[in-house]
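Novice: Dumping the structure here so I can ask a few things about it.
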Amino acid sequence: MKKLLSGNEAIARGAYEAGITVAAAYPGTPSTEILENIGPYEGIYAEWAPNEKVALEVAVGASISGARALAAMKHVGVNVAADPLFTVAYTGVNGGLVLVSADDPGLHSSQNEQDNRYYAKAAKVAMLEPSDSQEAKDFVLEAIRLSEEFDVPVLLRVTTRICHSKGLVEFGEKEEAGIKPYERNMGKYIATPANARKLHVSLEERLEKLEERSNSTPLNFIEWNDKKVGIITSGISYQYAKEVFGDSVSYLKLGMTFPLPRKMMAEFAKQVETLYVIEENEPYIEEAVKVLGFDCIGKDKIPGVFELNPDIIERSLLGTEKELLKPDRQMPGRPPVLCPGCPHRGLFFALSKKDAVVTSDIGCYTLGAAPPLNAADTCICMGASISAGHGFKKAMERNGRDGKVFAVIGDSTFFHSGLTGLMDVAYNKGNITVIIADNRITGMTGHQDNPGTGKTLKGEDTVALDIPKICKALGIEDVKVVNPLNLKEMRAAVNEAMKKEEPNVIVTQWPCALIKTEPQPKGYCQVNQDKCTQCYACMQIGCPAISKQDGKVIIDDTMCNGCELCTQLCAFKAIEKVGE
Amino acid sequence: MADVKNILFVGVGGQGIILTSKVLSTALVNAGYDVKMSEVHGMAQRGGSVTTQVRYGDKVYSPIIGKGQADIIVSFERMEAMRMLEYLKKDGVMVVNDHAIPSMPILTGAAEYPEGIIEELKGKVKTIVFKAADVARDLGNPRTQNIVLLGALVKAIGLESLDWDKAIEQEVKPQFVDINKKALQKGMELAG
Ligand SMILES: Cc1ncc(C[n+]2csc(CCOP(=O)(O)OP(=O)(O)O)c2C)c(N)n1
């Protein structure tokens, strides 16, 4: 049977066929749908872990116990999971272990475009790179086999265009792997210095054997055509190269990119007149080619920033300039915005009126930094709001500068990596206000459950962790819960916090406007044009349902969620609620 | 790849673009084509621009297309049509929904919604203009505007012979199958 699957759907199918029985992930674009699609398989235990380190460690434990296991995450998630990764390379596995890293060249939805192929090299784990959905599925099975045969974890490195592109996939049979026997093996699984020294030596031996395999595996193959030009490439770049050059040039297509098949690469390089290396972002393969002593055309011509496409490759390598249809003028942008009814809007509106530093974090609420709210100073990585806010304030205190610091963090981000930061604030006598924007869901990545929602990935009921209680347990005495869409309440909490001289937490609690299972406001808001003085105070909140048309303020009834934040800003009672 | 056709859908999150490209891809797969479809999500529900791309032929390599390579662009919104113009082949077709969704810079007064987009498009390239929401509302469900636009695309690219009823049955919730079949027919008629 052939089906049109996205790379992520294909990886999920691959996990099923490979007999994987434990899978864990923390959501993150473009990786999220992998676990969402594994979830429905009854034979696989699948969970949303609170962060990527936990996800990988869950998979590591499952692997040591003898089961085939998978962890999935976006590229920056691997930074969080790097600690276990580097050591599990030493210990090796029992059941096969796959770590899926979904990179995001082009930064479609990420804070950087790091190239995680270097992780395989740095951590010394094998790496496979599929170039379409079929390979995405097949390579999960290959990864599991390699992992068990060579006693190493395998990094399955994919990119946005693999994850989110659909292609036809031929299904296979499920391997009934079950669970391997487990026996205590302290020399292998207890990474003390004495053991780890031996394990490091054994890892180098395993890598040598893996390189031999890399030179012989059908995952790396040559397509001989004319030998004037040869192209070494991997992943999605292979498809782009084929699109541009078709069968007019020869290819060395790499499916296994760590260890690289150096013998095969040298063999290929020797036989072609001109060698291109086509890869997205960093010159990972190119560097290896050059170390082998071969000249090649790569990043000197092909941009190292943003994603590639056939058009860019054609232009950079062949110099073709197409004449394009051009608009006479530039269109206004369409940046993402907080949705109508979003509870974060009330919070950031209150903060926007304060002379304070706002260290923010990653999630929908990052959009509080966008116009017209403009209410944030920083966004670095998940969890940094609290710890960087703490450091910001300590620096000011120590150097005699006055100022208030608010750290804003979402509920899922707080569970991910905010707890340790908050602990630091309490322990080290910090003096900031931490605002936990609890919209009852992991919003940005499309509504995944988290430890605060009371549901698991499989849809089962479970304990819902109590954020105010956690804050208290972490040593913060002063914890307040407010409704961010009640402006009076929200402003009062922020005003009070401005004056505080000890650490405190405000939990802004209201469900994301897109959650269908939570009660949402009924009806919608409407402007009574007789009462409206066109002062435009309501437009300061940046609600996409409110627009100005020929001077009049209009609320789009199909978009309005009825949250009534705008009505609270109208001094003339000109905004009325209808249709309740 | 001369025999590969490139279609680009563009619009704003929530307009049903992903479903439209799914119905199209399913019909193409059923007809035996090699198909690749690419979408970028993440920011889609947050009011940003959304594009999906469908490529089909005997053998398709790249899931995405570059500038100047689209045979047809179907734009669900006026401003987005103009934004993506560079992606259209010079002899390509622009199917555009005559509908404006102001973006935040426009709402805040930092920019104005550009006038005269349709006229400008018509001056540059073959353009088929629709008021898909009106057509869909007349059919009885404004949410079928995406399939009305799909109908126009089908006509413009000459895929009338595919089994659209079956594709709609596969991709659309049962209670909306009939209305979507009608919407597709209507779109094909109006583009004819
Ligand atoms: C290390 C890391 N993992 C995952 C992500 C992807 N990511 C970005 S925002 C987000 C969810 C934020 O959810 P929450 O904190 O609840 O805020 P909301 O979007 O609901 O406002 C995730 C998972 C990331 N950017 N970095």
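All residue names refer to the structure tokens as shown: chains lettered A, B, ... in order, residues numbered from 1 in each chain, ligands numbered from 1 in order.
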Could you please write out, as a count of residues only, every residue of segment 517-561 of chain A that DSSP assigns to strand (DSSP E)?
Specialist: 12
Novice: Using only C-alpha atoms, determine which residues lie at most 10 Å from Lys182 of chain B, disregarding the query and same-chain residues fewer than 3 positions distant; provide the list as a list in words.
Specialist: Ala136, Leu139, Thr144, Ile147, Val148, Gly151, Asp165, Val177, Asp178, Ile179, Gln185, Lys186, Gly187 and Met188 of chain B
Novice: Go ahead and write the residues just picked, N, CA and C atoms, as a CSV table (one decimal), in the first residue's frame.
Specialist:
chain,number,residue,atom,x,y,z
B,136,ALA,N,-19.7,31.0,-2.2
B,136,ALA,CA,-19.8,29.9,-1.1
B,136,ALA,C,-21.1,30.2,-0.3
B,139,LEU,N,-24.1,29.2,-2.0
B,139,LEU,CA,-24.3,27.7,-2.0
B,139,LEU,C,-24.8,27.2,-0.7
B,144,THR,N,-17.0,27.0,2.5
B,144,THR,CA,-16.6,26.2,1.3
B,144,THR,C,-15.9,27.0,0.3
B,147,ILE,N,-12.9,25.4,-1.5
B,147,ILE,CA,-13.2,24.4,-2.5
B,147,ILE,C,-13.7,25.1,-3.8
B,148,VAL,N,-14.4,26.2,-3.7
B,148,VAL,CA,-14.7,27.0,-4.9
B,148,VAL,C,-13.4,27.4,-5.6
B,151,GLY,N,-12.0,24.5,-7.4
B,151,GLY,CA,-12.7,24.3,-8.6
B,151,GLY,C,-12.1,25.1,-9.8
B,165,ASP,N,-15.1,13.8,-6.8
B,165,ASP,CA,-16.0,13.4,-5.8
B,165,ASP,C,-15.3,12.4,-4.8
B,177,VAL,N,-19.6,16.7,2.7
B,177,VAL,CA,-19.2,16.2,1.4
B,177,VAL,C,-20.0,16.8,0.3
B,178,ASP,N,-21.4,16.8,0.5
B,178,ASP,CA,-22.2,17.2,-0.6
B,178,ASP,C,-22.0,18.7,-1.0
B,179,ILE,N,-22.0,19.5,0.0
B,179,ILE,CA,-21.8,20.9,-0.2
B,179,ILE,C,-20.5,21.3,-0.9
B,185,GLN,N,-17.8,22.1,-8.3
B,185,GLN,CA,-18.5,22.3,-9.6
B,185,GLN,C,-18.7,23.8,-9.9
B,186,LYS,N,-19.1,24.5,-8.9
B,186,LYS,CA,-19.4,25.9,-9.1
B,186,LYS,C,-18.1,26.7,-9.5
B,187,GLY,N,-17.1,26.3,-8.8
B,187,GLY,CA,-15.8,27.0,-9.0
B,187,GLY,C,-15.3,26.7,-10.5
B,188,MET,N,-15.5,25.4,-10.9
B,188,MET,CA,-15.1,25.1,-12.3
B,188,MET,C,-15.9,25.8,-13.3
Novice: A:Gly368, A:Gly475, A:Gly61, A:Pro153: which is nearest ligand 1, counting only C-alpha atoms and all ligand atoms?
Specialist: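 Among A:Gly368, A:Gly475, A:Gly61, A:Pro153, it is A:Gly368 that comes nearest to ligand 1.
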Novice: So, with only C-alpha atoms as the atoms that count, which of B:Met37, B:Val95, B:Ala156, B:Leu184 lies closest to chain A?
Specialist: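 The shortest atom-to-atom distance to chain A comes from B:Met37.
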Novice: Give me, as a list in words, all polymer residues having an atom no more than 8 Å from Ser6 of chain A, counting only C-alpha atoms and skipping those fewer than 4 positions away in the same chain.
Specialist: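 Using only C-alpha atoms, the neighbours found are Ala10, Ser133, Ile162, Cys163, His164, Ser165, Lys166 and Gly167 of chain A.
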Novice: Keeping only all heavy atoms, take the residues you just selected and write them out as a compact mmCIF listing (two decimals), in the first residue's frame.
Specialist:
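File produced: again39.txt:
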# COMPACT_ATOMS: atom_id res chain seq x y z
N ALA A 10 5.59 9.71 8.41
CA ALA A 10 6.37 8.55 7.97
C ALA A 10 7.29 8.05 9.08
O ALA A 10 7.46 6.84 9.26
CB ALA A 10 7.19 8.91 6.72
N SER A 133 9.90 11.31 2.34
CA SER A 133 9.07 10.61 3.32
C SER A 133 9.34 9.11 3.34
O SER A 133 9.36 8.49 4.41
CB SER A 133 7.58 10.86 3.02
OG SER A 133 7.27 12.21 3.22
N ILE A 162 11.63 18.08 5.14
CA ILE A 162 11.39 16.64 5.22
C ILE A 162 10.17 16.42 6.11
O ILE A 162 9.24 15.68 5.75
CB ILE A 162 12.62 15.92 5.82
CG1 ILE A 162 13.86 16.11 4.94
CG2 ILE A 162 12.32 14.44 6.04
CD1 ILE A 162 13.80 15.44 3.59
N CYS A 163 10.16 17.06 7.27
CA CYS A 163 9.08 16.87 8.25
C CYS A 163 7.71 17.24 7.67
O CYS A 163 6.73 16.55 7.88
CB CYS A 163 9.33 17.74 9.48
SG CYS A 163 10.81 17.29 10.38
N HIS A 164 7.67 18.37 6.97
CA HIS A 164 6.38 18.95 6.59
C HIS A 164 6.06 18.84 5.11
O HIS A 164 5.16 19.49 4.62
CB HIS A 164 6.31 20.42 7.04
CG HIS A 164 6.14 20.55 8.52
ND1 HIS A 164 6.28 21.74 9.19
CD2 HIS A 164 5.84 19.64 9.46
CE1 HIS A 164 6.07 21.55 10.49
NE2 HIS A 164 5.81 20.28 10.68
N SER A 165 6.83 18.02 4.38
CA SER A 165 6.46 17.75 2.99
C SER A 165 5.90 16.35 2.91
O SER A 165 6.36 15.46 3.61
CB SER A 165 7.68 17.84 2.07
OG SER A 165 8.20 19.14 2.09
N LYS A 166 4.92 16.21 2.04
CA LYS A 166 4.33 14.88 1.87
C LYS A 166 4.83 14.24 0.59
O LYS A 166 5.01 14.92 -0.42
CB LYS A 166 2.81 14.99 1.80
CG LYS A 166 2.23 15.51 3.09
CD LYS A 166 0.75 15.27 3.18
CE LYS A 166 0.28 15.74 4.54
NZ LYS A 166 -1.03 15.25 4.89
N GLY A 167 5.03 12.94 0.66
CA GLY A 167 5.40 12.18 -0.51
C GLY A 167 4.82 10.78 -0.35
O GLY A 167 4.37 10.40 0.74
